[in-house]
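Participant: After the structure tokens below, expect a handful of questions from me.
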Amino acid sequence: MQLESMYQDIILDHYRNPHHKGLRDPFDAEVHHVNPVCGDEVTLRVSLKDVNGEPVVEDVSYDSLGCSISQASASVMSDLVIGKPVAEAMTISQAFLELMQSKGEGQPDEGLLEDAVAFVGVSKYPARIKCALLGWMAWKDATAQAMEVAQ
Amino acid sequence: MSSVHLDVEAVRADFPALARTVRNDKPLIYLDSGATSQKPVQVLDAVRSAYEQHNAAAHRGTHLLGEEATDLYEGARAKVAAFLAARPDEVVFTKNATEAVNLVAYALSAPGRLQVRAGDEVLITEMEHHANLVPWQQLCERTGATLRWLDVTPEGRLDLDDLDNMITGRTRIVAVTHQSNVTGTVPPVAEIARVAHEKGALVLADGAQSVPHQPVDVTALGADFLVFSSHKMLGPYGIGVLFGRAELLEAMPPFLTGGSMIEVVRMEGSTFLPPPQRFEPGVPAIAEAAGLAAAVDYLTALGMDNVAAHEESLTAHALDALREIDGVRILGPDTTKDRGGAVAFEVDGVHPHDVGQVLDELGIAVRTGHHCAWPLHRALGVQASTRASFYVYNTHDEVDALADGIRYAQRFFGTG
């Protein structure tokens with residue numbers, strides 16, 4: 001069985017006990033993303049702060065309906081980006097996107113992606129990649145909007 | 001629970017896909033025929049033979065191959081017509097059921113006797129597949145007509161209590177599914193059509209999930225239009241059918257235009273052929289039509305009553321088996337009365353995507369998501385569901401494997 005390679009314990013743990021879930025104030029941008037194939041959805045808020053002229057992710061909060069992969073991925077994503085400079089968080093986001101496009105062959109940088117390396121098994125299943133990316137794409141979109149507001 | 005008059009093992013032997021293995025070297029258990037059916041060798045042979053022996057553009061050419069291609073194509077039309085107890089000139093080949101609905105919705109917004117105008121009403125239902133829903137929303141946006149819809153009851157039936165008021169003197173067309181692709185519900189189309197016709201409204205029935213699975217006689221059905229797709233009834237992709245009553249097709253302007261559908265073309269303007277050619281521009285899908293004809297022959301040889309009885313027996317078994325599992329909720333009717341072989345369900349605490357993933361690991365192919373029926377899911381209070389759908393080649397053992405697979409998913413996610 002390959003189920004365990006997709007549903008690693010890290011993923012199931014995040015699914016059962018998602019981090020940073022629930023919408024919080026204040027926020028600089030809010031987005032609503034939907035996976036049109038299955039109807040899974042996420043509402044996500046981003047709050048940025050300025051640290052010595054550099055934008056930093058102060059908070060990410062979200063409310064979502066979806067499968068274990070999309071829920072766990074949003075949880076892992078929020079862990080990874082909160083507190084990081086936006087530029088660094090975008091680098092992590094890009095690394096995760098590349099991992100998802102790796103068809104199971106990715107050699108993820110654990111130092112960069114931390115718990116998100118657990119999703120390498122998901123990249124073997126094309127139908128589930130969108131699930132894993134739902135929260136990340138929402139964060140990227142919300143952050144871009146927040147940056148525009150800031151400017 | 002034996003199936004009457006249908007030798008499933010003999011049927012299965014005709015379907016090459018059913019002999020292959022899938023993940024973990026498991027045999028394929030294909031429970032997704034509602035999305036598309038598998039294809040028997042008879043259909044594959046017919047398509048191949050059309051390309052190998054009779055490949056030419058139909059309705060053109062003065063050569064033998066052209067004549068043979070035309071015979072194949074028009075022969076397919078005659079077969080489909082006989083299958084529905086319709087006339088050949090009432091059968092229009094389209095790309096699929098979706099295009100057929102769009103064809104009618106377009107014709108109803110174009111100038112002519114049937115034109116829908118601002119203030120008119122279009123009645124659909126909350127149960128529809130997006131293919132029989134979005135085109136009507138678009139028609140209303142184009143024309144200023146009002147879209148109304150029949151609600152779905154918590155049991156997954158159409159709420160017909162108010163039918164007499166919902167169909168008004170302003171209703172121009174009622175578009176309704178003949179079998180839900182999610183709940184399997186078979187609405188009383190003949191009864192709806194009777195009320196609609198009393199008030200002067202037309203009726204379009206979406207037969208995508210009914211024509212493959214039960215005997216359908218267009219006169220008994222009472223609908224003015226019936227649409228369906230070949231690929232859900234053992235045939236090839238890329239061809240579908242619009243049945244329309246002759247006098248209505250005659251009154252309808254063309255939808256897609258170009259070659260093959262014209263009578264005379266001058267620079268100033270053109271005139272068009274009578275139906276069904278008026279609605280079939282371009283070189284038609286000849287091999288696909290030949291494949292569809294072979295599918296119709298295959299189903300006719302099995303007997304549509306036998307097909308329906310076999311599926312009813314599988315559905316009864318599935319409803320019983322799923323009811324026994326704690327934490328599983330069946331969407332829609334929980335008996336086989338007025339219900340076909342699509343069984344959608346929820347598993348407490350396990351998202352449909354995750355149910356589908358676990359079943360896939362066991363070799364069981366199901367559909368997950370909203371199955372292109374988002375409003376219906378909303379009406380039933382669920383985000384998404386898992387759907388098993390049955391056809392001529394499915395067995396009772398496969399139904400048991402589905403139930404075992406659901407239990408396995410519950411254990412895997414710690415909910416069972």
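In the structure tokens, the first chain shown is A, the next is B, and so on; residue numbers restart at 1 for each chain, and ligands run from 1 in the order shown.
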Quick one: contact table of chain A to chain B, 8 Å max, nearest atom pair and distance in Å to one decimal per residue, counting only C-alpha atoms, chain and number order, as a tab-separated table?
Facilitator:
residue	atom	partner	partner_atom	distance
A:Met1	CA	B:Asn24	CA	6.6
A:Gln2	CA	B:Glu361	CA	7.3
A:Leu3	CA	B:Glu361	CA	6.9
A:Val37	CA	B:Gly369	CA	6.5
A:Cys38	CA	B:Gly369	CA	3.9
A:Gly39	CA	B:His370	CA	6.6
A:Asp40	CA	B:Gln383	CA	7.4
A:Leu65	CA	B:Gln383	CA	7.9
A:Gly66	CA	B:His351	CA	6.8
A:Cys67	CA	B:His351	CA	4.9
A:Ser68	CA	B:Asp354	CA	6.8
Participant: Next, the residues of the selection above should be written as a PDB file, in the first residue's frame with N, CA and C atoms.
Facilitator:
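Result written to again05.pdb:
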ATOM      1  N   MET A   1       0.824  -1.211   0.000  1.00  0.00           N
ATOM      2  CA  MET A   1       0.000   0.000   0.000  1.00  0.00           C
ATOM      3  C   MET A   1       0.857   1.260   0.000  1.00  0.00           C
ATOM      4  N   GLN A   2       0.461   2.214  -0.824  1.00  0.00           N
ATOM      5  CA  GLN A   2       1.195   3.467  -0.868  1.00  0.00           C
ATOM      6  C   GLN A   2       0.480   4.568  -0.092  1.00  0.00           C
ATOM      7  N   LEU A   3      -0.642   4.188   0.533  1.00  0.00           N
ATOM      8  CA  LEU A   3      -1.421   5.214   1.226  1.00  0.00           C
ATOM      9  C   LEU A   3      -0.594   5.956   2.253  1.00  0.00           C
ATOM     10  N   VAL A  37     -13.053  21.805  -8.862  1.00  0.00           N
ATOM     11  CA  VAL A  37     -13.283  20.383  -9.113  1.00  0.00           C
ATOM     12  C   VAL A  37     -14.109  19.766  -7.983  1.00  0.00           C
ATOM     13  N   CYS A  38     -13.779  20.146  -6.751  1.00  0.00           N
ATOM     14  CA  CYS A  38     -14.421  19.476  -5.626  1.00  0.00           C
ATOM     15  C   CYS A  38     -15.212  20.412  -4.743  1.00  0.00           C
ATOM     16  N   GLY A  39     -15.061  21.740  -4.975  1.00  0.00           N
ATOM     17  CA  GLY A  39     -15.789  22.675  -4.135  1.00  0.00           C
ATOM     18  C   GLY A  39     -15.088  23.010  -2.834  1.00  0.00           C
ATOM     19  N   ASP A  40     -13.901  22.470  -2.607  1.00  0.00           N
ATOM     20  CA  ASP A  40     -13.161  22.835  -1.403  1.00  0.00           C
ATOM     21  C   ASP A  40     -12.864  24.329  -1.435  1.00  0.00           C
ATOM     22  N   LEU A  65     -12.763  24.563   4.258  1.00  0.00           N
ATOM     23  CA  LEU A  65     -13.517  23.325   4.177  1.00  0.00           C
ATOM     24  C   LEU A  65     -12.799  22.488   3.137  1.00  0.00           C
ATOM     25  N   GLY A  66     -12.419  21.292   3.499  1.00  0.00           N
ATOM     26  CA  GLY A  66     -11.730  20.502   2.485  1.00  0.00           C
ATOM     27  C   GLY A  66     -11.179  19.207   3.023  1.00  0.00           C
ATOM     28  N   CYS A  67     -10.434  18.542   2.164  1.00  0.00           N
ATOM     29  CA  CYS A  67      -9.920  17.219   2.479  1.00  0.00           C
ATOM     30  C   CYS A  67      -8.706  17.320   3.401  1.00  0.00           C
ATOM     31  N   SER A  68      -8.225  16.171   3.831  1.00  0.00           N
ATOM     32  CA  SER A  68      -7.100  16.132   4.759  1.00  0.00           C
ATOM     33  C   SER A  68      -5.880  16.827   4.168  1.00  0.00           C
TER      34      SER A  68
END
Participant: Fewer than 3 positions away in the same chain doesn't count, so skip those; otherwise give me all residues within 9 Å of Ala74 (chain A), counting only C-alpha atoms, as a list in words.
Facilitator: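 Answer for this query is His14, Pro18, His19, Lys21, Val42, Tyr62, Ser64, Ile69, Ser70, Gln71, Met77, Ser78, Asp79, Ala132, Leu133, Leu134, Gly135, Trp136 and Trp139 of chain A.
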Participant: Ile11 (chain A): which residues within 9 Å, counting only C-alpha atoms, same-chain residues fewer than 4 positions away excluded, as a ChimeraX atom specification?
Facilitator: /A:6-7,15-16,68-69,71-73,76,115-116,118-119
Participant: Let me see the file: selected residues, C-alpha atoms, as a short mmCIF file (atom, residue, chain, number, x, y, z; two decimals), in the first residue's frame.
Facilitator:
data_model
loop_
_atom_site.label_atom_id
_atom_site.label_comp_id
_atom_site.auth_asym_id
_atom_site.auth_seq_id
_atom_site.Cartn_x
_atom_site.Cartn_y
_atom_site.Cartn_z
CA MET A 6 0.70 10.13 0.88
CA TYR A 7 -0.89 10.30 4.30
CA TYR A 15 -5.32 17.58 9.62
CA ARG A 16 -6.64 16.57 13.04
CA SER A 68 -7.10 16.13 4.76
CA ILE A 69 -4.46 17.22 2.26
CA GLN A 71 -6.41 21.22 5.51
CA ALA A 72 -3.02 19.91 6.56
CA SER A 73 -1.27 21.91 3.87
CA VAL A 76 1.82 23.62 7.59
CA ASP A 115 6.95 19.73 7.85
CA ALA A 116 6.00 20.50 4.24
CA ALA A 118 5.80 15.33 4.06
CA PHE A 119 3.76 16.30 1.01
#
Participant: I'd like the interatomic distance between CA of Val182 (chain B) and CA of Met127 (chain B), to a tenth of an Å.
Facilitator: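 Here the two named atoms are 8.5 Å from each other.
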Participant: Write out as a PyMOL selection string which residues come within 6 Å of region 83-88 of chain A when counting only C-alpha atoms, dropping same-chain ones fewer than 4 positions away.
Facilitator: chain A and resi 55-58
Participant: Go ahead and save the picked residues with N, CA and C atoms, as a PDB file, in the first residue's frame.
Facilitator:
ATOM      1  N   PRO A  55       8.831  44.100   4.530  1.00  0.00           N
ATOM      2  CA  PRO A  55       7.561  43.511   4.956  1.00  0.00           C
ATOM      3  C   PRO A  55       7.760  42.105   5.544  1.00  0.00           C
ATOM      4  N   VAL A  56       7.106  41.885   6.667  1.00  0.00           N
ATOM      5  CA  VAL A  56       7.198  40.588   7.349  1.00  0.00           C
ATOM      6  C   VAL A  56       5.781  40.082   7.590  1.00  0.00           C
ATOM      7  N   VAL A  57       5.605  38.763   7.468  1.00  0.00           N
ATOM      8  CA  VAL A  57       4.284  38.160   7.688  1.00  0.00           C
ATOM      9  C   VAL A  57       4.012  38.137   9.189  1.00  0.00           C
ATOM     10  N   GLU A  58       3.086  38.994   9.617  1.00  0.00           N
ATOM     11  CA  GLU A  58       2.781  39.033  11.044  1.00  0.00           C
ATOM     12  C   GLU A  58       1.815  37.922  11.433  1.00  0.00           C
TER      13      GLU A  58
END
Participant: DSSP says strand (DSSP E) for which residues of region 43-116 of chain A? Put them as a list in words?
Facilitator: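 Selecting the strand (DSSP E) positions of region 43-116 of chain A gives Thr43, Leu44, Arg45, Val46, Ser47, Leu48, Lys49, Asp50, Val51, Glu54, Pro55, Val56, Val57, Glu58, Asp59, Val60, Ser61, Tyr62, Asp63, Ser64 and Leu65 of chain A.
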